[in-house]
Structures are given as C-alpha cells and as structure tokens.
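Undergrad: Supplied in structure tokens, the structure appears directly below.
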Amino acid sequence: MSTQVQKVMVPSEDTAVRPWRTVHRVVLPVNGDMDTLPLYVDFNSAQRVVDSRTSTSRSGASTNSVVGASANQRTDFIVGRRQVRLPEYNRVSFGTYFNAFPASYWQSHTDVEQVRLNVQVDAEATVIVYRSSPRGTSNRVESLHTDEAGTLSIDLPLKQFGDGGWYWFDLVSHASGVTLLDAEWAVPTPEGFVPGTVSIAVTTFNRPDFCVRHLTTFAESQDLLDVLDCLIITDQGNKRVRDEDGYEEAAAVLGDKFRLVEQGNLGGSGGFARGMFETVNDGKSDYCLLLDDDVMVETEGVLRAVQFADFTRTPTIVGGHMFNLYERSVLHTFGETINEWRFYWGPQHETKEGHDFGASNLRTTPWMHRRIDVDFNGWWMCLIPTTIIRDIGLALPVFIKWDDAEFGIRAKRSGYKTVSLPGAAVWHMPWTEKDDTIDWQAYFHQRNRWVAAMIYSPYKKGGNLMKESFAVDVRHLLSMQYSAVELRLEALEDVLKGPQHLHQTIQTKLPEIRKRRGEFPDAQVSTDAASFPSVQRVRPPKRGVQPSAPQSMPVALARAVTGAVRQIIPVRDHAREYPEAVVAAMDARWWRLSQLDSALVSSADGTGASWYKRDNVQFRQMVARSLKLHQKLLANWDRLSDEYRDELPAYTSPEAWKETFAAMTPAETSESKPGN
C-alpha cells in the first residue's frame with residue numbers, strides 16, 4: 001500500500017483551491033548519453049557549494065580545485081527518460097543545470113509566490129531539499145521521508161531569491177534501494193489562466209539532415225505536440241529538405257502541424273523573419289520560437305520556455321542557453337549583454353564563457369547561482385511572444401549577424417525584457433573551428449554593428465566605435481588579411497547609403513562579396529599542401545625567438561607602429577616566390593604576421609591553408625581608404641543615425657518583408673507548402 005507524504009511550508013488559502021501546473025519536470029538524458037549526464041544528475045552529492053573567492057579549507061588552502069563533477073557518473077542507474085534506480089544506501093543529487101529549479105528567475109519575472117515539489121518513488125526513500133544563495137552557498141531546507149512507495153510533496157516559498165538562487169533535491173535510498181518514478185516542480189495557476197501555444201520557426205541552408213532530425217524529434221514528443229501549433233521550416237538552400245531520406249515519413253506524422261516554406265537565400269534574418277511572418281499571419285500562436293537548424297534539442301527545455309512565458313508579468317522574450325555540440329557538457333555563455341561604449345556584444349560580466357559542467361557542476365559553481373540579467377538572447381533558441389512581434393516588427397533585414405542582438409535591444413527600448421532561462425537549452429555547432437571575422441562574414445559583422453550602433457548608441461558619434469573600427473582595419477592589414485579589410489570597407493560604404501539599401505541588397509550582397517573576396521590571395525584556400533612552394537626564410541627571427549603577444553598597452557602600441565612602418569617598405573623578391581613561414585591558425589595574430597613578408601596560414605577548420613603575401617601598395621591604399629570612410633561617417637553620423645532610427649519601423653515591418661519575399665526571383669522561391 002502506497003503512502004503519500006506531504007509537507008506544506010507556506011499554506012495559502014488561495015492556492016489550496018487553485019489548480020497547480022507543472023512547469024519543470026526532472027528528466028534524464030536520451031539514451032543515457034554519458035557526455036550530457038553531468039547536466040542532469042550529480043552523483044557527487046557530498047560536494048558542497050562554496051564561494052571560492054572567500055572560502056578556504058581547514059588547512060587554509062584555497063577551495064578552487066574540486067573533484068571533477070563527472071568522476072562518479074553512472075548511466076546504468078538511468079532506467080527511463082524520467083526514472084532513476086538507486087541501489088541500497090546510495091545518494092544522488094538533482095542540483096544540476098537541467099533539474100534544479102531556477103527560483104530567482106521565477107521570483108524576478110513572475111507573480112508566482114511558491115513552488116511545489118512532487119517526488120514519486122517506489123520504496124522507502126528520503127528526499128532532502130536545498131536552496132542556494134546568490135553567492136552560491138547551499139542551505140538545507142527540509143528532509144522528507146517515506147517508509148514505502150508514495151509521493152513526497154512540499155510547498156516552497158519564492159520570496160528569498162531577489163538576487164539569485166536555486167532549489168533542488170537529493171534522493172537517498174535505504175535498505176531496499178529505490179526507483180525515482182517521477183519528479184516535478186509545479187506552481188499555482190492564476191484565476192482565468194489559459195496556457196499558451198507555440199509555432200517553432202527553423203531557418204536552414206543546405207542542412208536537410210538536421211531538419212529531418214528536428215521533424216523526428218518533435219513528432220516523437222507528445223508533450224511538445226500538445227503545445228505546438230506548427231513547425232515552420234524555411235528552406236533557403238539548394239539541397240532541399242523535401243529530398244532528404246526520412247522527410248516524407250516524419251512530415252506525415254506531424255501532418256498539419258508542419259509547414260515547409262522554400263525561398264531564396266535571405267540569410268538567418270530573412271529566414272527567421274519569414275517564420276515570424278508566417279506565425280503572426282496564422283494568428284493561432286501565442287509565441288514564435290526561433291530555432292537554428294544545426295542544433296540538438298532538449299524538448300523539455302522548449303516546454304519550460306513556453307511555460308515560463310505563460311507566467312511572466314508582461315510579455316517577455318525567453319531564450320535558451322547554448323551548449324557545445326561537440327563538447328556536450330560545455331556551456332557557451334550564461335547570458336549576453338551589449339557594451340554600449342564599444343557597441344559590441346559579449347558575456348555578462350559576472351559570468352564565464354565556456355564553463356564545463358563535467359569539471360564543475362551547478363552546485364560547485366558559485367557564480368552561476370547569481371541571477372543574470374541580459375540584453376538579448378541568441379537565436380539558436382529564442383521564444384518571442386507574438387504580441388511583441390506585432391508591436392515592434394520582424395527581424396532587421398541584415399542577412400546574418402546582429403539580428404538577434406538588435407531585436408533584443410529594440411524590444412528592451414519598447415519596454416520588453418529578455419530572459420535567458422536556465423534549464424532551457426540546445427546543443428549547437430561551435431564557432432571555434434572557424435574565424436568568421438576574416439571570411440565573407442566580415443562584411444556583415446562590420447555593416448550590421450554600425451547600423452545597430454547608429455540606431456541605439458547613447459554616446460555621441462557612437463562612443464568608441466569609430467576608433468575601434470579603424471584599429472581593427474589596421475590589425476587586419478598588419479596581418480596581411482586584405483580580403484577582410486576590403487569587405488569591411490565595402491560595409492562602411494553601404495552604411496553611408498542609408499537604410500534603403502538593406503532590403504534592396506539582402507539577396508544579392510552575398511554573391512557579390514564572395515566574388516570580391518576570392519580575388520585576394522589570403523582568401524584562396526588550398527587543401528593540397530604540395531601546391532605551395534617550399535618554405536624559405538631569408539632573415540631569421542631576432543635572436544631566434546618568435547614574436548609573442550605583447551603584455552602591455554605601451555608594448556602593443558610600439559609593436560603596432562613598428563609593424564606599420566614595415567608595411568610601407570617594398571616586399572623582398574624572395575618572399576614573393578617562397579613563403580617565409582608556416583603559421584597555425586591559432587597563431588595568426590597581427591604581432592606574429594606583421595614580422596613576415598609572406599606566410600602559409602592554415603584555415604581555422606584545418607582543411608587547408610592560404611598563402612598570405614604582404615602588399616605594401618595595398619596597405620597604403622587601404623589605410624587611406626579606411627581613414628577617409630571613417631571621417632565621412634563621423635561627419636555624417638547625426639544624419640545617418642536619424643535616418644536609420646526613424647525608418648526602423650518601416651524596414652522591419654511585415655509589409656516591407658512581404659515585398660522582399662515577393663520580389664525574389666521565381667526560380668528561387670515557391671509558395672508555402674503543408675508538410676503532408
């Protein structure tokens with residue numbers, strides 16, 4: 001006979017009669033994936049959360065080093081998507097990224113005042129509930145015990161998490177062992193509560209296999225299908241999703257919950273704008289979830305994003321975090337903000353990039369217990385209420401780069417918050433294997449950053465943007481990366497044309513810049529190492545020591561001046577015929593390359609190499625051109641800023657995008673098609 005144990009810490013006459021809604025279920029990795037296991041369950045429950053900045057051990061040593069979080073991980077304990085079997089006298093903690101409850105985010109952004117934890121077991125067990133402080137220290141809240149199978153429940157207040165903190169629980173088995181059958185976090189629903197529904201918008205370019213995997217993933221999740229209105233895939237490639245093996249079968253399962261849209265390549269901003277456009281026009285969904293094609297989805301995270309958005313005080317953008325698809329316990333960033341002086345994105349200053357949960361889990365990572373407020377969320381996974389889209393418009397028509405950041409800033413200026421919600425995440429292909437600041441994307445990095453700054457910068461003439469932009473040009477020139485500078489200068493020329501060029505060039509700009517870039521030796525990659533002449537250096541490095549990164553600003557400036565002076569002198573004839581050195585992509589920095597007349601530089605993805613060649617004439621011409629363009633932008637900043645800002649509602653409107661969709665050439669576009 002089962003026993004239900006219930007302990008209510010904050011009884012409420014109001015919530016006692018209102019239904020509770022599950023908003024956060026305990027889940028385990030699909031197929032017992034060992035690489036992702038530290039994100040779901042922690043078998044090192046004896047480890048305590050400590051603040052390494054202030055705490056020391058009894059011996060006086062710093063507590064910075066901890067035993068790897070994955071040291072005792074066990075996949076054989078997992079018996080289902082939501083079940084764990086513990087042998088006798090064992091303990092496991094669910095104080096993990098996916099299974100701890102992010103209490104501070106619920107307190108900060110919703111009117112929910114308490115959360116109920118329900119834990120169902122099949123035998124004698126003890127559940128120990130913890131909460132953490134913003135500093136990351138843990139506090140034991142309560143211990144619940146049952147002598148037999150049953151459900152242990154406890155109501156917990158959401159009143160002490162103003163700056164941060166989580167709830168979680170540990171499960172302890174006794175003499176007979178125990179199976180966790182189900183565990184969930186639920187909140188009381190307000191009067192008249194109606195749950196929202198979502199359309200998921202995926203944009204893709206020549207990744208049909210990933211898209212079919214999305215179809216299959218969503219079709220196999222009944223819980224997700226219950227809140228899904230439509231999965232919209234905007235296919236912009238020439239390797240069509242509809243031609244991929246398994247497409248017909250997966251599409252048939254989703255039926256009228258799937259729509260395939262085929263159009264010319266308008267980049268990520270054009271693909272996501274189409275998804276927003278279709279969602280709003282359908283008029284059914286409360287939310288549009290933007291999702292990259294090259295991600296692996298945790299479906300529970302999608303549900304959590306929808307459920308969190310259902311309870312926010314005002315319409316709120318709810319974003320998911322990004323994990324590395326190749327190192328699956330590594331988090332890209334916990335939250336991103338815009339430095340308005342530089343007008344550049346980056347991680348929130350209280351966080352750390354590239355955190356590995358396999359080395360330090362949630363409970364042993366103090367900084368992660370502080371609530372992180374953000375300016376925007378990447379569009380690898382981002383849920384946007386349709387009310388916001390109707391109010392502020394669709395994506396900025398910029399092809400790629402800065403579309404997600406700009407939308408977040410635009411929403412913030414209109415009074416809408418963005419939340420990067422812990423426990424909602426995807427695994428995305430990393431950017432570490434390419435350097436998109438020197439390939440064809442250099443154009444979009446430069447132009448779109450300037451456009452966004454002209455719209456939103458609170459500083460006169462864009463703050464430090466002018467100086468930084470010119471300095472980056474010089475850095476690339478010192479590195480013999482002339483193709484990148486050419487694209488960056490073309491970007492500035494287009495900025496000077498005003499906002500009307502954005503829609504006009506969104507489909508034609510990419511082939512233009514690819515063609516122009518291919519004219520430069522540094523952009524010509526060969527996969528055949530034998531195609532290059534042998535390396536011959538006439539003059540060895542000074543004292544036989546290769547240049548290293550400057551350790552101070554004065555040294556860096558002195559090196560830059562020396563390198564710039566060297567660029568003016570003629571190139572040695574021998575260096576035109578033979579590369580002087582082989583330089584790995586990770587070492588291809590200005591302070592290294594500026595000392596050479598030519599070099600074989602490997603590509604960031606390791607597939608080939610380019611022969612960089614110093615060109616003193618090109619250097620002088622590009623420096624002069626960059627100076628002239630920056631001076632012209634400085635002189636016209638106020639006028640251009642007014643134009644880009646005043647016309648923003650027009651060029652992000654559904655009407656403007658509709659014209660762009662309609663203007664695509666017939667060979668590159670087709671009507672929206674149901675999946676079946």
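In the structure tokens, each chain is lettered A, B, ... as it comes, each chain's residues begin at 1, and ligands are numbered from 1 in order of appearance.
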Among stretch 120-362 of chain A, which residues does DSSP mark as strand (DSSP E) when it is run on the backbone? Keep the chain and numbering as in the structure and answer as JSON, numbers by chain.
TA: {"A": [120, 121, 125, 126, 127, 128, 129, 130, 131, 132, 138, 139, 140, 141, 142, 143, 144, 145, 146, 150, 151, 152, 153, 154, 155, 156, 157, 167, 168, 169, 170, 171, 172, 173, 178, 179, 180, 181, 182, 183, 184, 185, 186, 187, 188, 198, 199, 200, 201, 202, 203, 204, 228, 229, 230, 231, 232, 233, 234, 235, 258, 259, 260, 261, 262, 287, 288, 289, 290, 291, 292, 295, 296, 297, 317, 318, 319, 320, 321, 322, 323, 324, 330, 331, 336, 337, 338, 339, 344, 345, 346, 347, 355, 356]}
Undergrad: Per residue of stretch 146-234 of chain A within 10 Å of stretch 74-91 of chain A, what are the shortest atom pair and its distance in Å to one decimal, counting only C-alpha atoms, with rows by chain and residue number, as a tab-separated table?
TA:
```
residue	atom	partner	partner_atom	distance
A:Asp170	CA	A:Arg91	CA	6.9
A:Leu171	CA	A:Arg91	CA	5.6
A:Val172	CA	A:Arg91	CA	4.4
A:Ser173	CA	A:Tyr89	CA	5.0
A:His174	CA	A:Tyr89	CA	4.7
A:Ala175	CA	A:Glu88	CA	5.0
A:Ser176	CA	A:Glu88	CA	5.4
A:Gly177	CA	A:Glu88	CA	3.9
A:Val178	CA	A:Leu86	CA	5.3
A:Thr179	CA	A:Arg85	CA	4.2
A:Leu180	CA	A:Val84	CA	5.1
A:Leu181	CA	A:Gln83	CA	5.0
A:Asp182	CA	A:Arg82	CA	6.0
A:Ala183	CA	A:Arg82	CA	7.7
A:Glu184	CA	A:Arg82	CA	9.9
```
Undergrad: Looking only at the backbone, which of the residues in stretch 30-268 of chain A does DSSP tag as alpha helix (DSSP H), as a PyMOL selection string?
TA: chain A and resi 103-109+208-219+222-227+247-254+267-268
Undergrad: If we count only C-alpha atoms and set the cut-off at 6 Å, which residues sit around stretch 555-572 of chain A, ignoring sequence neighbours fewer than 5 positions away in its own chain? Please answer as a list in words.
TA: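 After dropping sequence-adjacent residues, the list is Pro550, Ser594 and Asn616 of chain A.
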Undergrad: When distances are computed from only C-alpha atoms, which of A:Arg363, A:Ala305, A:Phe210, A:Lys284 shows the smallest separation from A:Trp166?
TA: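 So, comparing all the options, the nearest one is A:Arg363.
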Undergrad: Could you give me, as a compact mmCIF listing (two decimals) with C-alpha atoms, in the first residue's frame, the residues within 7 Å of A:Tyr40, counting only C-alpha atoms and dropping anything in the same chain fewer than 6 positions from it?
TA:
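After the write, selection_33.txt holds the following:
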```txt
# COMPACT_ATOMS: atom_id res chain seq x y z
CA LEU A 28 17.36 12.33 -17.81
CA PRO A 29 19.47 12.31 -20.98
CA PHE A 94 19.46 16.71 -8.83
CA THR A 96 22.09 20.17 -11.85
CA TYR A 97 21.64 22.51 -14.80
CA PHE A 98 18.56 20.78 -16.19
CA ASN A 99 16.94 19.56 -12.97
```
Undergrad: Excluding same-chain residues fewer than 6 positions from A:Thr36, what lies within 12 Å of it counting only C-alpha atoms, as a PyMOL selection string?
TA: chain A and resi 27-30+42+69-70+73-75+96-98+296+298+323-331+356-358+361+426-427
Undergrad: May I have the residues within 10 Å of stretch 529-539 of chain A as a ChimeraX atom specification, using only C-alpha atoms and disregarding those fewer than 4 positions away in the same chain?
TA: /A:572,574-575,577-582,596-600,608-611
Undergrad: With C-alpha atoms kept, could you save the residues just selected as a PDB file, in the first residue's frame?
TA:
```pdb
ATOM      1  CA  ARG A 572      61.539  41.203 -50.656  1.00  0.00           C
ATOM      2  CA  HIS A 574      62.336  36.097 -52.465  1.00  0.00           C
ATOM      3  CA  ALA A 575      59.205  36.309 -50.279  1.00  0.00           C
ATOM      4  CA  GLU A 577      58.265  33.316 -54.654  1.00  0.00           C
ATOM      5  CA  TYR A 578      58.561  31.388 -51.387  1.00  0.00           C
ATOM      6  CA  PRO A 579      56.567  31.640 -48.137  1.00  0.00           C
ATOM      7  CA  GLU A 580      58.744  32.636 -45.201  1.00  0.00           C
ATOM      8  CA  ALA A 581      56.955  30.600 -42.540  1.00  0.00           C
ATOM      9  CA  VAL A 582      54.120  28.241 -41.732  1.00  0.00           C
ATOM     10  CA  LEU A 596      56.728  38.455 -42.183  1.00  0.00           C
ATOM     11  CA  ASP A 597      56.565  39.241 -45.876  1.00  0.00           C
ATOM     12  CA  SER A 598      54.634  36.062 -46.645  1.00  0.00           C
ATOM     13  CA  ALA A 599      53.368  33.010 -44.805  1.00  0.00           C
ATOM     14  CA  LEU A 600      51.331  29.847 -45.219  1.00  0.00           C
ATOM     15  CA  GLY A 608      43.673  23.745 -45.906  1.00  0.00           C
ATOM     16  CA  ALA A 609      45.904  26.799 -45.966  1.00  0.00           C
ATOM     17  CA  SER A 610      46.250  30.190 -47.656  1.00  0.00           C
ATOM     18  CA  TRP A 611      49.383  31.944 -48.822  1.00  0.00           C
TER      19      TRP A 611
END
```
Undergrad: Give me the stretch 341-441 of chain A side of the contact with stretch 127-148 of chain A, cut-off 10 Å, one line per residue showing its nearest atom pair and distance in Å at one decimal, counting only C-alpha atoms, sorted by chain and residue number, as JSON lines.
TA:
```
{"residue": "A:Leu362", "atom": "CA", "partner": "A:Gly136", "partner_atom": "CA", "distance": 9.1}
{"residue": "A:Arg363", "atom": "CA", "partner": "A:Gly136", "partner_atom": "CA", "distance": 7.4}
{"residue": "A:Thr364", "atom": "CA", "partner": "A:Gly136", "partner_atom": "CA", "distance": 7.9}
{"residue": "A:Thr365", "atom": "CA", "partner": "A:Gly136", "partner_atom": "CA", "distance": 7.1}
{"residue": "A:Pro366", "atom": "CA", "partner": "A:Gly136", "partner_atom": "CA", "distance": 4.0}
{"residue": "A:Trp367", "atom": "CA", "partner": "A:Gly136", "partner_atom": "CA", "distance": 6.6}
{"residue": "A:Met368", "atom": "CA", "partner": "A:Gly136", "partner_atom": "CA", "distance": 7.3}
{"residue": "A:His369", "atom": "CA", "partner": "A:Gly136", "partner_atom": "CA", "distance": 5.1}
{"residue": "A:Arg370", "atom": "CA", "partner": "A:Pro134", "partner_atom": "CA", "distance": 4.4}
{"residue": "A:Arg371", "atom": "CA", "partner": "A:Pro134", "partner_atom": "CA", "distance": 7.3}
```
Undergrad: Quick one: of A:His503, A:Lys412, A:Ile154, A:Leu394, who's nearest to A:Ala663, counting only C-alpha atoms?
TA: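 The closest residue to A:Ala663 is A:His503.
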Undergrad: Check the smallest atom-to-atom distance from each of A:Ala359, A:Cys230, A:Leu478, A:Ile400 to A:Pro38 using only C-alpha atoms, then report the winner.
TA: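 That would be A:Ala359, the residue with the smallest distance to A:Pro38.
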